[in-house]
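K.L.:
I'd like to ask some things about the structure below.
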Amino acid sequence: MQTPNLENLGSLITYNDEGTPRCLGYLMDFTGHGVFDANYGKVEVSPEHASIHNKLLDEAMLKGLDESCAVGQGGTFYYVNGQVTTFMGTVVSENTRINGKSLTFQRGSKTYRGRLQKDADCFNFRRVA
């Protein structure tokens, strides 16, 4: 996949996808090798810009969860030490329940459910109420 032309360096990094603005996912800095995005591989972004982007992406993910996540919508978070967190480790919820491999968590008045996978910290979830 070809690296997109990146915009908004120093903020939430975006690119134009056939006329639709899109946001890069979380960026990983591999010192000496560069900064990488899961979809595009290496991207020409400084570690400083990647850090700012990741912080703002975390904030946007939580804002979206709190303000506009409808029943049936969801995403991917992480289950670590009894807490649901973002990729960056920001706590999403400490109010969790495990039943077999099913994980239910609450944030505010909303309830979400996902399925834990063996040997994986991340899980996909959907809002159920």
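Chain labels follow the order of the structure tokens: the first chain is A, the next B, and so on; residue numbering restarts at 1 in every chain, and ligands are counted from 1 in their shown order.
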Write out as a list in words the residues lying within 6 Å of range 105-116 of chain A, counting only C-alpha atoms and excluding same-chain residues fewer than 4 positions away.
P.N.:
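Final neighbour list, sorted by chain and number: Ser93, Asn95, Thr96, Lys101, Phe123, Asn124, Phe125, Arg126, Arg127, Val128 and Ala129 of chain A.
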K.L.:
Using DSSP on the backbone coordinates, identify all residues within chain A classified as strand (DSSP E or B); present the result as a ChimeraX atom specification.
P.N.:
/A:6-7,14-17,20-23,27-30,34-37,41-43,74-80,83-85,91-93,96-99,102-107,110-115,122-127
K.L.:
Can I get the selected residues back with C-alpha atoms, as a JSON list (two decimals), in the first residue's frame?
P.N.:
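Result file follows (again35.json):
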[["chain", "number", "residue", "atom", "x", "y", "z"],
["A", 6, "LEU", "CA", 0.10, 13.41, 5.12],
["A", 7, "GLU", "CA", -1.50, 16.60, 6.38],
["A", 14, "THR", "CA", -4.70, 13.03, 8.32],
["A", 15, "TYR", "CA", -4.60, 12.18, 4.63],
["A", 16, "ASN", "CA", -6.98, 12.47, 1.69],
["A", 17, "ASP", "CA", -8.59, 9.17, 0.68],
["A", 20, "THR", "CA", -12.51, 11.91, 2.08],
["A", 21, "PRO", "CA", -10.25, 13.04, 4.93],
["A", 22, "ARG", "CA", -9.01, 10.08, 7.01],
["A", 23, "CYS", "CA", -6.90, 9.85, 10.12],
["A", 27, "LEU", "CA", 1.91, 5.33, 15.22],
["A", 28, "MET", "CA", 4.87, 3.33, 16.50],
["A", 29, "ASP", "CA", 8.38, 4.79, 16.63],
["A", 30, "PHE", "CA", 11.05, 2.15, 16.11],
["A", 34, "GLY", "CA", 11.39, 5.15, 11.62],
["A", 35, "VAL", "CA", 7.75, 5.66, 12.47],
["A", 36, "PHE", "CA", 5.19, 3.09, 11.31],
["A", 37, "ASP", "CA", 1.44, 2.95, 10.83],
["A", 41, "GLY", "CA", 4.02, 0.76, 7.13],
["A", 42, "LYS", "CA", 6.72, 3.38, 7.38],
["A", 43, "VAL", "CA", 5.45, 6.96, 7.27],
["A", 74, "GLY", "CA", -17.57, -0.34, 18.49],
["A", 75, "GLY", "CA", -13.85, -0.59, 18.05],
["A", 76, "THR", "CA", -10.75, -2.14, 19.57],
["A", 77, "PHE", "CA", -9.36, -1.65, 23.05],
["A", 78, "TYR", "CA", -7.05, -3.57, 25.37],
["A", 79, "TYR", "CA", -7.69, -5.55, 28.53],
["A", 80, "VAL", "CA", -4.78, -5.24, 30.93],
["A", 83, "GLN", "CA", -8.89, -2.56, 33.12],
["A", 84, "VAL", "CA", -9.96, -1.62, 29.62],
["A", 85, "THR", "CA", -7.41, 0.76, 28.08],
["A", 91, "VAL", "CA", -7.91, 3.87, 31.17],
["A", 92, "VAL", "CA", -11.28, 3.56, 29.43],
["A", 93, "SER", "CA", -13.01, 1.62, 32.21],
["A", 96, "THR", "CA", -15.36, -4.70, 33.94],
["A", 97, "ARG", "CA", -16.97, -8.15, 34.15],
["A", 98, "ILE", "CA", -15.63, -11.37, 32.67],
["A", 99, "ASN", "CA", -17.89, -14.33, 31.87],
["A", 102, "SER", "CA", -16.88, -12.43, 27.14],
["A", 103, "LEU", "CA", -15.83, -9.06, 28.57],
["A", 104, "THR", "CA", -18.46, -6.48, 29.48],
["A", 105, "PHE", "CA", -17.44, -3.00, 30.53],
["A", 106, "GLN", "CA", -19.18, 0.25, 31.29],
["A", 107, "ARG", "CA", -18.18, 3.82, 30.65],
["A", 110, "LYS", "CA", -23.10, 3.01, 28.28],
["A", 111, "THR", "CA", -22.40, -0.74, 28.24],
["A", 112, "TYR", "CA", -20.00, -2.45, 25.85],
["A", 113, "ARG", "CA", -19.22, -6.11, 25.22],
["A", 114, "GLY", "CA", -16.33, -7.86, 23.54],
["A", 115, "ARG", "CA", -14.67, -11.23, 23.33],
["A", 122, "CYS", "CA", -6.57, -6.41, 22.45],
["A", 123, "PHE", "CA", -10.23, -7.20, 21.84],
["A", 124, "ASN", "CA", -12.98, -5.91, 19.59],
["A", 125, "PHE", "CA", -16.11, -4.58, 21.25],
["A", 126, "ARG", "CA", -19.55, -3.20, 20.45],
["A", 127, "ARG", "CA", -21.89, -1.01, 22.42]]
K.L.:
Using DSSP secondary structure from the backbone, list all helix (DSSP H, G or I) positions within chain A, as a compact mmCIF listing (two decimals) with N, CA and C atoms, in the first residue's frame.
P.N.:
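selection33.txt written:
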# COMPACT_ATOMS: atom_id res chain seq x y z
N PRO A 47 9.28 11.35 15.35
CA PRO A 47 8.78 10.77 16.60
C PRO A 47 7.98 11.77 17.43
N GLU A 48 8.36 13.05 17.37
CA GLU A 48 7.62 14.08 18.12
C GLU A 48 6.20 14.24 17.56
N HIS A 49 6.09 14.28 16.23
CA HIS A 49 4.76 14.39 15.62
C HIS A 49 3.93 13.13 15.89
N ALA A 50 4.56 11.98 15.90
CA ALA A 50 3.86 10.73 16.20
C ALA A 50 3.31 10.75 17.62
N SER A 51 4.09 11.26 18.55
CA SER A 51 3.66 11.33 19.95
C SER A 51 2.45 12.26 20.11
N ILE A 52 2.50 13.42 19.46
CA ILE A 52 1.37 14.35 19.51
C ILE A 52 0.13 13.71 18.89
N HIS A 53 0.31 13.10 17.72
CA HIS A 53 -0.80 12.43 17.03
C HIS A 53 -1.43 11.35 17.92
N ASN A 54 -0.61 10.50 18.52
CA ASN A 54 -1.13 9.41 19.37
C ASN A 54 -1.91 9.95 20.55
N LYS A 55 -1.42 11.03 21.17
CA LYS A 55 -2.12 11.63 22.31
C LYS A 55 -3.48 12.16 21.87
N LEU A 56 -3.52 12.88 20.74
CA LEU A 56 -4.77 13.44 20.25
C LEU A 56 -5.72 12.36 19.76
N LEU A 57 -5.18 11.28 19.18
CA LEU A 57 -6.02 10.16 18.75
C LEU A 57 -6.68 9.50 19.96
N ASP A 58 -5.92 9.32 21.03
CA ASP A 58 -6.49 8.77 22.27
C ASP A 58 -7.66 9.63 22.75
N GLU A 59 -7.44 10.94 22.78
CA GLU A 59 -8.49 11.86 23.23
C GLU A 59 -9.72 11.78 22.33
N ALA A 60 -9.50 11.71 21.02
CA ALA A 60 -10.61 11.63 20.06
C ALA A 60 -11.38 10.32 20.21
N MET A 61 -10.66 9.21 20.44
CA MET A 61 -11.32 7.92 20.62
C MET A 61 -12.26 7.96 21.83
N LEU A 62 -11.78 8.53 22.94
CA LEU A 62 -12.61 8.59 24.14
C LEU A 62 -13.78 9.56 23.97
N LYS A 63 -13.53 10.68 23.30
CA LYS A 63 -14.61 11.63 23.05
C LYS A 63 -15.69 10.99 22.18
N GLY A 64 -15.28 10.27 21.15
CA GLY A 64 -16.24 9.57 20.29
C GLY A 64 -17.03 8.52 21.05
N LEU A 65 -16.35 7.80 21.93
CA LEU A 65 -17.01 6.79 22.75
C LEU A 65 -18.06 7.44 23.65
N ASP A 66 -17.70 8.55 24.26
CA ASP A 66 -18.59 9.23 25.21
C ASP A 66 -19.73 9.98 24.54
N GLU A 67 -19.46 10.57 23.37
CA GLU A 67 -20.43 11.48 22.79
C GLU A 67 -21.21 10.93 21.61
N SER A 68 -20.68 9.95 20.90
CA SER A 68 -21.39 9.57 19.68
C SER A 68 -21.39 8.08 19.35
K.L.:
Can you tell me how far CA of Ala120 in chain A sits from CA of Val45 in chain A, in Å to one decimal?
P.N.:
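Separation between CA of Ala120 in chain A and CA of Val45 in chain A: 28.0 Å.
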K.L.:
Report, in Å with one decimal, the straight-line distance from CA of Ala38 in chain A to CA of Phe87 in chain A.
P.N.:
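A separation of 12.5 Å between them.
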